[in-house]
>>> print(open('coords24.cif').read())   # mmCIF, N, CA and C atoms
data_data
loop_
_atom_site.label_atom_id
_atom_site.label_comp_id
_atom_site.auth_asym_id
_atom_site.auth_seq_id
_atom_site.Cartn_x
_atom_site.Cartn_y
_atom_site.Cartn_z
N MET Y 6 -24.73 -13.80 -7.21
CA MET Y 6 -24.97 -12.40 -7.48
C MET Y 6 -24.28 -11.51 -6.46
N LYS Y 7 -24.38 -11.87 -5.17
CA LYS Y 7 -23.77 -11.07 -4.12
C LYS Y 7 -22.25 -10.95 -4.34
N ARG Y 8 -21.61 -12.04 -4.74
CA ARG Y 8 -20.17 -12.03 -4.98
C ARG Y 8 -19.80 -11.02 -6.07
N VAL Y 9 -20.60 -10.93 -7.10
CA VAL Y 9 -20.33 -10.01 -8.21
C VAL Y 9 -20.47 -8.56 -7.75
N LEU Y 10 -21.47 -8.26 -6.93
CA LEU Y 10 -21.73 -6.89 -6.52
C LEU Y 10 -20.78 -6.36 -5.47
N PHE Y 11 -20.28 -7.22 -4.60
CA PHE Y 11 -19.54 -6.73 -3.45
C PHE Y 11 -18.13 -7.27 -3.36
N SER Y 12 -17.63 -7.86 -4.38
CA SER Y 12 -16.31 -8.45 -4.33
C SER Y 12 -15.58 -8.19 -5.64
N SER Y 13 -14.28 -8.45 -5.61
CA SER Y 13 -13.47 -8.29 -6.80
C SER Y 13 -12.37 -9.33 -6.76
N LEU Y 14 -11.98 -9.79 -7.91
CA LEU Y 14 -10.86 -10.72 -7.95
C LEU Y 14 -9.55 -10.01 -7.63
N SER Y 15 -9.52 -8.70 -7.80
CA SER Y 15 -8.33 -7.91 -7.52
C SER Y 15 -8.74 -6.60 -6.85
N PRO Y 16 -7.97 -6.15 -5.83
CA PRO Y 16 -8.29 -4.86 -5.21
C PRO Y 16 -7.71 -3.69 -5.99
N HIS Y 17 -6.99 -3.96 -7.07
CA HIS Y 17 -6.29 -2.92 -7.82
C HIS Y 17 -6.93 -2.71 -9.19
N TRP Y 18 -7.47 -1.52 -9.37
CA TRP Y 18 -8.10 -1.17 -10.64
C TRP Y 18 -7.56 0.17 -11.09
N ASP Y 19 -7.14 0.23 -12.34
CA ASP Y 19 -6.61 1.48 -12.88
C ASP Y 19 -7.69 2.56 -12.94
N THR Y 20 -7.30 3.76 -12.58
CA THR Y 20 -8.19 4.91 -12.66
C THR Y 20 -8.53 5.18 -14.13
N PRO Y 21 -9.79 5.46 -14.43
CA PRO Y 21 -10.12 5.82 -15.81
C PRO Y 21 -9.28 7.04 -16.24
N LYS Y 22 -8.64 6.94 -17.40
CA LYS Y 22 -7.72 7.97 -17.85
C LYS Y 22 -8.36 9.35 -17.92
N ALA Y 23 -9.57 9.44 -18.42
CA ALA Y 23 -10.23 10.74 -18.55
C ALA Y 23 -10.45 11.38 -17.19
N VAL Y 24 -10.78 10.58 -16.19
CA VAL Y 24 -10.99 11.11 -14.83
C VAL Y 24 -9.67 11.62 -14.27
N PHE Y 25 -8.62 10.81 -14.39
CA PHE Y 25 -7.32 11.24 -13.89
C PHE Y 25 -6.84 12.49 -14.61
N ASP Y 26 -6.94 12.51 -15.93
CA ASP Y 26 -6.45 13.66 -16.71
C ASP Y 26 -7.16 14.95 -16.31
N GLN Y 27 -8.47 14.89 -16.10
CA GLN Y 27 -9.23 16.08 -15.70
C GLN Y 27 -8.78 16.57 -14.33
N LEU Y 28 -8.61 15.67 -13.38
CA LEU Y 28 -8.17 16.06 -12.04
C LEU Y 28 -6.72 16.55 -12.06
N ASP Y 29 -5.88 15.89 -12.85
CA ASP Y 29 -4.48 16.30 -12.95
C ASP Y 29 -4.36 17.70 -13.55
N ALA Y 30 -5.19 18.03 -14.52
CA ALA Y 30 -5.16 19.37 -15.12
C ALA Y 30 -5.51 20.43 -14.07
N GLU Y 31 -6.33 20.08 -13.13
CA GLU Y 31 -6.72 21.02 -12.08
C GLU Y 31 -5.73 21.08 -10.92
N PHE Y 32 -5.23 19.93 -10.50
CA PHE Y 32 -4.41 19.86 -9.28
C PHE Y 32 -2.92 19.65 -9.54
N HIS Y 33 -2.51 19.32 -10.75
CA HIS Y 33 -1.10 19.15 -11.12
C HIS Y 33 -0.40 18.18 -10.16
N PHE Y 34 -0.84 16.94 -10.17
CA PHE Y 34 -0.31 15.93 -9.25
C PHE Y 34 1.18 15.70 -9.45
N ASN Y 35 1.88 15.53 -8.33
CA ASN Y 35 3.28 15.14 -8.40
C ASN Y 35 3.54 13.87 -7.60
N ASP Y 36 2.45 13.17 -7.20
CA ASP Y 36 2.62 11.92 -6.49
C ASP Y 36 1.35 11.07 -6.62
N ASP Y 37 1.57 9.77 -6.72
CA ASP Y 37 0.51 8.76 -6.68
C ASP Y 37 1.03 7.66 -5.76
N PRO Y 38 0.67 7.73 -4.48
CA PRO Y 38 1.26 6.80 -3.52
C PRO Y 38 0.75 5.37 -3.61
N CYS Y 39 -0.30 5.13 -4.37
CA CYS Y 39 -0.77 3.74 -4.50
C CYS Y 39 -1.11 3.42 -5.94
N PRO Y 40 -0.09 3.29 -6.76
CA PRO Y 40 -0.34 2.92 -8.16
C PRO Y 40 -0.94 1.53 -8.24
N ALA Y 41 -1.64 1.24 -9.31
CA ALA Y 41 -2.26 -0.07 -9.48
C ALA Y 41 -1.24 -1.17 -9.24
N GLY Y 42 -1.62 -2.11 -8.40
CA GLY Y 42 -0.76 -3.26 -8.15
C GLY Y 42 0.19 -3.10 -6.99
N GLY Y 43 0.18 -1.97 -6.28
CA GLY Y 43 1.13 -1.80 -5.19
C GLY Y 43 0.57 -1.02 -4.02
N LEU Y 44 1.17 -1.21 -2.86
CA LEU Y 44 0.80 -0.46 -1.65
C LEU Y 44 2.05 0.26 -1.18
N PHE Y 45 2.48 1.24 -1.93
CA PHE Y 45 3.78 1.84 -1.70
C PHE Y 45 3.78 3.07 -0.81
N GLY Y 46 2.67 3.69 -0.58
CA GLY Y 46 2.68 5.02 0.01
C GLY Y 46 2.34 5.16 1.46
N LEU Y 47 2.06 4.11 2.17
CA LEU Y 47 1.69 4.25 3.57
C LEU Y 47 2.90 4.52 4.46
N ASP Y 48 4.07 4.14 4.02
CA ASP Y 48 5.27 4.25 4.86
C ASP Y 48 6.25 5.33 4.42
N ARG Y 49 5.78 6.28 3.64
CA ARG Y 49 6.66 7.35 3.19
C ARG Y 49 5.90 8.66 3.14
N SER Y 50 6.66 9.75 3.07
CA SER Y 50 6.05 11.07 2.93
C SER Y 50 5.56 11.23 1.49
N TRP Y 51 4.44 11.94 1.33
CA TRP Y 51 3.87 12.15 0.00
C TRP Y 51 4.30 13.49 -0.57
N GLY Y 52 4.09 13.67 -1.87
CA GLY Y 52 4.39 14.93 -2.54
C GLY Y 52 3.42 16.03 -2.13
N GLN Y 53 3.52 17.17 -2.76
CA GLN Y 53 2.68 18.33 -2.42
C GLN Y 53 1.27 18.25 -2.96
N SER Y 54 1.09 17.60 -4.10
CA SER Y 54 -0.23 17.45 -4.71
C SER Y 54 -0.40 15.99 -5.09
N VAL Y 55 -1.30 15.30 -4.40
CA VAL Y 55 -1.33 13.85 -4.42
C VAL Y 55 -2.67 13.30 -4.91
N PHE Y 56 -2.61 12.33 -5.81
CA PHE Y 56 -3.79 11.61 -6.26
C PHE Y 56 -3.78 10.24 -5.61
N VAL Y 57 -4.92 9.84 -5.01
CA VAL Y 57 -5.00 8.56 -4.32
C VAL Y 57 -6.25 7.80 -4.77
N ASN Y 58 -6.04 6.68 -5.43
CA ASN Y 58 -7.11 5.73 -5.74
C ASN Y 58 -6.72 4.46 -4.99
N PRO Y 59 -7.11 4.38 -3.70
CA PRO Y 59 -6.63 3.29 -2.84
C PRO Y 59 -7.33 1.97 -3.11
N PRO Y 60 -6.72 0.88 -2.66
CA PRO Y 60 -7.46 -0.39 -2.67
C PRO Y 60 -8.71 -0.20 -1.81
N TYR Y 61 -9.86 -0.51 -2.36
CA TYR Y 61 -11.11 -0.16 -1.68
C TYR Y 61 -11.35 -0.99 -0.42
N SER Y 62 -10.60 -2.05 -0.23
CA SER Y 62 -10.70 -2.83 1.00
C SER Y 62 -9.92 -2.17 2.14
N GLN Y 63 -9.15 -1.12 1.83
CA GLN Y 63 -8.30 -0.48 2.84
C GLN Y 63 -8.48 1.04 2.86
N ILE Y 64 -9.66 1.50 2.56
CA ILE Y 64 -9.89 2.95 2.47
C ILE Y 64 -9.55 3.66 3.78
N LYS Y 65 -9.94 3.09 4.90
CA LYS Y 65 -9.74 3.76 6.19
C LYS Y 65 -8.27 4.08 6.45
N VAL Y 66 -7.36 3.13 6.24
CA VAL Y 66 -5.94 3.40 6.52
C VAL Y 66 -5.37 4.42 5.54
N TRP Y 67 -5.81 4.37 4.28
CA TRP Y 67 -5.35 5.35 3.31
C TRP Y 67 -5.90 6.73 3.62
N MET Y 68 -7.14 6.78 4.08
CA MET Y 68 -7.75 8.05 4.46
C MET Y 68 -7.01 8.67 5.65
N GLU Y 69 -6.65 7.86 6.63
CA GLU Y 69 -5.90 8.35 7.79
C GLU Y 69 -4.54 8.91 7.36
N LYS Y 70 -3.86 8.21 6.47
CA LYS Y 70 -2.57 8.69 5.96
C LYS Y 70 -2.76 9.98 5.16
N GLY Y 71 -3.80 10.02 4.32
CA GLY Y 71 -4.08 11.21 3.53
C GLY Y 71 -4.36 12.43 4.40
N LEU Y 72 -5.09 12.24 5.48
CA LEU Y 72 -5.36 13.35 6.40
C LEU Y 72 -4.10 13.83 7.09
N ALA Y 73 -3.23 12.90 7.46
CA ALA Y 73 -1.95 13.29 8.08
C ALA Y 73 -1.12 14.13 7.11
N GLU Y 74 -1.10 13.75 5.84
CA GLU Y 74 -0.36 14.50 4.83
C GLU Y 74 -1.02 15.87 4.58
N TYR Y 75 -2.33 15.90 4.51
CA TYR Y 75 -3.08 17.16 4.34
C TYR Y 75 -2.77 18.13 5.49
N ARG Y 76 -2.69 17.62 6.67
CA ARG Y 76 -2.41 18.47 7.85
C ARG Y 76 -0.99 19.04 7.82
N GLN Y 77 -0.16 18.51 6.93
CA GLN Y 77 1.18 19.06 6.72
C GLN Y 77 1.17 20.09 5.59
N GLY Y 78 -0.02 20.46 5.13
CA GLY Y 78 -0.14 21.49 4.10
C GLY Y 78 -0.21 20.99 2.68
N LYS Y 79 -0.42 19.70 2.49
CA LYS Y 79 -0.46 19.13 1.15
C LYS Y 79 -1.89 19.04 0.63
N THR Y 80 -2.02 18.98 -0.69
CA THR Y 80 -3.31 18.75 -1.33
C THR Y 80 -3.41 17.26 -1.60
N VAL Y 81 -4.51 16.66 -1.13
CA VAL Y 81 -4.72 15.22 -1.31
C VAL Y 81 -6.10 15.01 -1.93
N VAL Y 82 -6.13 14.31 -3.07
CA VAL Y 82 -7.36 14.07 -3.80
C VAL Y 82 -7.59 12.56 -3.89
N PHE Y 83 -8.72 12.12 -3.34
CA PHE Y 83 -9.08 10.70 -3.34
C PHE Y 83 -10.15 10.42 -4.38
N LEU Y 84 -10.03 9.29 -5.06
CA LEU Y 84 -11.10 8.72 -5.87
C LEU Y 84 -11.53 7.46 -5.14
N ILE Y 85 -12.75 7.48 -4.59
CA ILE Y 85 -13.22 6.38 -3.76
C ILE Y 85 -14.71 6.13 -4.02
N PRO Y 86 -15.19 4.95 -3.59
CA PRO Y 86 -16.61 4.69 -3.75
C PRO Y 86 -17.43 5.55 -2.79
N VAL Y 87 -18.65 5.86 -3.19
CA VAL Y 87 -19.57 6.58 -2.32
C VAL Y 87 -20.06 5.59 -1.27
N ARG Y 88 -19.63 5.82 -0.05
CA ARG Y 88 -20.05 4.97 1.07
C ARG Y 88 -20.35 5.87 2.27
N THR Y 89 -21.43 6.60 2.14
CA THR Y 89 -21.78 7.60 3.16
C THR Y 89 -22.27 6.98 4.46
N ASP Y 90 -22.43 5.67 4.48
CA ASP Y 90 -22.88 5.00 5.69
C ASP Y 90 -21.72 4.49 6.55
N THR Y 91 -20.49 4.69 6.11
CA THR Y 91 -19.35 4.13 6.83
C THR Y 91 -18.81 5.07 7.90
N LYS Y 92 -18.13 4.47 8.87
CA LYS Y 92 -17.50 5.23 9.94
C LYS Y 92 -16.42 6.16 9.37
N TRP Y 93 -15.59 5.65 8.44
CA TRP Y 93 -14.52 6.50 7.88
C TRP Y 93 -15.08 7.71 7.16
N PHE Y 94 -16.24 7.58 6.53
CA PHE Y 94 -16.83 8.73 5.85
C PHE Y 94 -17.22 9.80 6.88
N HIS Y 95 -17.89 9.39 7.94
CA HIS Y 95 -18.36 10.34 8.95
C HIS Y 95 -17.24 10.87 9.84
N ASP Y 96 -16.22 10.06 10.09
CA ASP Y 96 -15.12 10.50 10.96
C ASP Y 96 -14.03 11.27 10.23
N HIS Y 97 -13.78 10.93 8.98
CA HIS Y 97 -12.65 11.52 8.26
C HIS Y 97 -13.06 12.46 7.13
N VAL Y 98 -14.01 12.03 6.31
CA VAL Y 98 -14.37 12.83 5.13
C VAL Y 98 -15.22 14.04 5.51
N LEU Y 99 -16.37 13.82 6.11
CA LEU Y 99 -17.30 14.93 6.39
C LEU Y 99 -16.68 16.08 7.18
N PRO Y 100 -15.96 15.82 8.27
CA PRO Y 100 -15.45 16.96 9.03
C PRO Y 100 -14.20 17.62 8.44
N ASN Y 101 -13.56 17.00 7.46
CA ASN Y 101 -12.27 17.50 6.99
C ASN Y 101 -12.18 17.86 5.52
N ALA Y 102 -13.02 17.29 4.69
CA ALA Y 102 -12.91 17.50 3.24
C ALA Y 102 -13.18 18.94 2.87
N SER Y 103 -12.37 19.47 1.99
CA SER Y 103 -12.60 20.80 1.43
C SER Y 103 -13.75 20.75 0.44
N GLU Y 104 -13.86 19.61 -0.23
CA GLU Y 104 -14.89 19.46 -1.25
C GLU Y 104 -15.14 17.97 -1.49
N ILE Y 105 -16.39 17.63 -1.77
CA ILE Y 105 -16.78 16.28 -2.17
C ILE Y 105 -17.51 16.41 -3.50
N ARG Y 106 -17.03 15.69 -4.51
CA ARG Y 106 -17.66 15.70 -5.83
C ARG Y 106 -18.20 14.31 -6.13
N PHE Y 107 -19.51 14.22 -6.28
CA PHE Y 107 -20.12 12.95 -6.63
C PHE Y 107 -20.12 12.80 -8.14
N ILE Y 108 -19.64 11.67 -8.62
CA ILE Y 108 -19.52 11.43 -10.06
C ILE Y 108 -20.82 10.85 -10.59
N ARG Y 109 -21.33 11.47 -11.63
CA ARG Y 109 -22.57 11.01 -12.26
C ARG Y 109 -22.30 9.69 -12.98
N GLY Y 110 -23.17 8.74 -12.80
CA GLY Y 110 -23.02 7.44 -13.46
C GLY Y 110 -22.00 6.57 -12.75
N ARG Y 111 -21.66 5.48 -13.39
CA ARG Y 111 -20.71 4.51 -12.83
C ARG Y 111 -19.44 4.53 -13.67
N LEU Y 112 -18.30 4.61 -13.00
CA LEU Y 112 -17.02 4.62 -13.71
C LEU Y 112 -16.68 3.24 -14.25
N LYS Y 113 -15.99 3.23 -15.37
CA LYS Y 113 -15.45 1.99 -15.92
C LYS Y 113 -13.95 2.04 -15.70
N PHE Y 114 -13.50 1.29 -14.70
CA PHE Y 114 -12.09 1.29 -14.35
C PHE Y 114 -11.29 0.51 -15.37
N GLY Y 115 -10.02 0.89 -15.54
CA GLY Y 115 -9.15 0.23 -16.51
C GLY Y 115 -9.11 -1.27 -16.31
N GLY Y 116 -9.21 -2.01 -17.38
CA GLY Y 116 -9.18 -3.46 -17.31
C GLY Y 116 -10.54 -4.09 -17.06
N ALA Y 117 -11.55 -3.30 -16.74
CA ALA Y 117 -12.89 -3.85 -16.48
C ALA Y 117 -13.72 -3.86 -17.77
N LYS Y 118 -14.56 -4.86 -17.91
CA LYS Y 118 -15.44 -4.94 -19.07
C LYS Y 118 -16.69 -4.10 -18.87
N ASN Y 119 -17.09 -3.93 -17.61
CA ASN Y 119 -18.32 -3.21 -17.29
C ASN Y 119 -18.04 -2.08 -16.31
N GLY Y 120 -19.01 -1.21 -16.14
CA GLY Y 120 -18.90 -0.15 -15.16
C GLY Y 120 -18.90 -0.71 -13.75
N ALA Y 121 -18.39 0.05 -12.82
CA ALA Y 121 -18.34 -0.37 -11.42
C ALA Y 121 -19.75 -0.60 -10.89
N PRO Y 122 -19.91 -1.52 -9.95
CA PRO Y 122 -21.23 -1.78 -9.37
C PRO Y 122 -21.58 -0.81 -8.24
N PHE Y 123 -20.86 0.31 -8.17
CA PHE Y 123 -21.07 1.29 -7.10
C PHE Y 123 -20.80 2.69 -7.66
N PRO Y 124 -21.39 3.72 -7.05
CA PRO Y 124 -21.08 5.09 -7.45
C PRO Y 124 -19.73 5.50 -6.87
N SER Y 125 -19.12 6.51 -7.46
CA SER Y 125 -17.81 7.00 -7.01
C SER Y 125 -17.87 8.47 -6.66
N MET Y 126 -16.89 8.91 -5.88
CA MET Y 126 -16.77 10.31 -5.53
C MET Y 126 -15.31 10.70 -5.48
N VAL Y 127 -15.09 12.00 -5.66
CA VAL Y 127 -13.77 12.58 -5.51
C VAL Y 127 -13.81 13.40 -4.22
N VAL Y 128 -12.90 13.10 -3.31
CA VAL Y 128 -12.82 13.81 -2.03
C VAL Y 128 -11.52 14.59 -2.03
N ILE Y 129 -11.63 15.89 -1.80
CA ILE Y 129 -10.49 16.79 -1.89
C ILE Y 129 -10.18 17.37 -0.51
N PHE Y 130 -8.92 17.23 -0.11
CA PHE Y 130 -8.42 17.86 1.10
C PHE Y 130 -7.40 18.89 0.65
N GLN Y 131 -7.74 20.16 0.82
CA GLN Y 131 -6.88 21.24 0.34
C GLN Y 131 -7.04 22.44 1.28
N SER Y 132 -5.92 23.02 1.67
CA SER Y 132 -5.96 24.18 2.55
C SER Y 132 -6.64 25.34 1.85
N GLU Y 133 -7.39 26.15 2.61
CA GLU Y 133 -8.07 27.31 2.05
C GLU Y 133 -7.10 28.23 1.32
N GLY Y 134 -7.49 28.65 0.14
CA GLY Y 134 -6.68 29.60 -0.61
C GLY Y 134 -5.41 29.03 -1.20
N ARG Y 135 -5.16 27.74 -0.97
CA ARG Y 135 -3.93 27.13 -1.46
C ARG Y 135 -4.22 26.36 -2.74
N LYS Y 136 -3.53 26.69 -3.79
CA LYS Y 136 -3.67 25.97 -5.05
C LYS Y 136 -2.35 25.27 -5.35
N PRO Y 137 -2.44 24.06 -5.88
CA PRO Y 137 -1.20 23.31 -6.19
C PRO Y 137 -0.38 23.99 -7.27
#
>>> encode(input="coords24.cif", output="structure tokens")
Amino acid sequence: MKRVLFSSLSPHWDTPKAVFDQLDAEFHFNDDPCPAGGLFGLDRSWGQSVFVNPPYSQIKVWMEKGLAEYRQGKTVVFLIPVRTDTKWFHDHVLPNASEIRFIRGRLKFGGAKNGAPFPSMVVIFQSEGRKP
């Protein structure tokens, strides 16, 4: 049971299309630095409006990169699990996020038969008054 709740055969899960489409309509993304199946965005500059659904085993490093890009004036939107007990949440999200949106219910990620075994949130880093 523990293996099912806290593990995955793959760290890469496609973002639910409806979730991405709704966020894209609002933020007009021009970059996705970590598409399903790849870790392409840690070593390059990101676009101006960025969607990030990182491998959940590496949230801290993706969060650090996202904050660095945000500090350059970019909009960075994360889809991540709700883990309010973690160091990265208290060190990176709480003091820096422009907005945190908790998603009602459990998301069903692409390729999954069932909903995720954890709640999800959208964390937005966006400069005041700046719209993508």
>>> residues_around(input="coords24.cif", residues="Y:Asn35", least_positions_apart="4", cutoff="6.5 Å", atoms="all atoms listed in the file", output="PyMOL selection string")
chain Y and resi 52-56
>>> resolve_selection(input="coords24.cif", expression="the PyMOL selection byres ((chain Y and resi 107) around 8)", output="PyMOL selection string")
chain Y and resi 87+104-106+108-110+124-128
>>> closest_residue(input="coords24.cif", among="Y:Gln131, Y:Gln77, Y:Pro38, Y:Pro86", to="Y:Arg111", atoms="only C-alpha atoms")
Y:Pro86
>>> select_by_dssp(input="coords24.cif", residues="chain Y", states="strand (DSSP E or B)", output="PyMOL selection string")
chain Y and resi 19+36+54-57+80-86+104-107+115+125-130
>>> select_by_dssp(input="coords24.cif", residues="chain Y", states="alpha helix (DSSP H)", output="ChimeraX atom specification")
/Y:7-11,22-32,64-75,92-93,99-101
>>> atom_distance(input="coords24.cif", atom1="atom CA of Y:Lys79", atom2="atom CA of Y:Ala121")
29.3 Å
>>> residues_around(input="coords24.cif", residues="stretch 63-75 of chain Y", least_positions_apart="6", cutoff="6.5 Å", atoms="only N, CA and C atoms", output="PDB file with N, CA and C atoms, in the coordinates of the input")
ATOM      1  N   TRP Y  51       4.440  11.940   1.330  1.00  0.00           N
ATOM      2  CA  TRP Y  51       3.870  12.150   0.000  1.00  0.00           C
ATOM      3  C   TRP Y  51       4.300  13.490  -0.570  1.00  0.00           C
ATOM      4  N   VAL Y  81      -4.510  16.660  -1.130  1.00  0.00           N
ATOM      5  CA  VAL Y  81      -4.720  15.220  -1.310  1.00  0.00           C
ATOM      6  C   VAL Y  81      -6.100  15.010  -1.930  1.00  0.00           C
ATOM      7  N   TRP Y  93     -15.590   5.650   8.440  1.00  0.00           N
ATOM      8  CA  TRP Y  93     -14.520   6.500   7.880  1.00  0.00           C
ATOM      9  C   TRP Y  93     -15.080   7.710   7.160  1.00  0.00           C
ATOM     10  N   PHE Y 130      -8.920  17.230  -0.110  1.00  0.00           N
ATOM     11  CA  PHE Y 130      -8.420  17.860   1.100  1.00  0.00           C
ATOM     12  C   PHE Y 130      -7.400  18.890   0.650  1.00  0.00           C
TER      13      PHE Y 130
END
>>> resolve_selection(input="coords24.cif", expression="the PyMOL selection byres (((chain Y and resi 22-27 and name CA) around 10) and name CA)", output="NGL selection string")
:Y and (19-21 or 28-34 or 56 or 58 or 84 or 108 or 112-115 or 127)
>>> atom_distance(input="coords24.cif", atom1="atom C of Y:Asp90", atom2="atom N of Y:Arg76")
23.1 Å
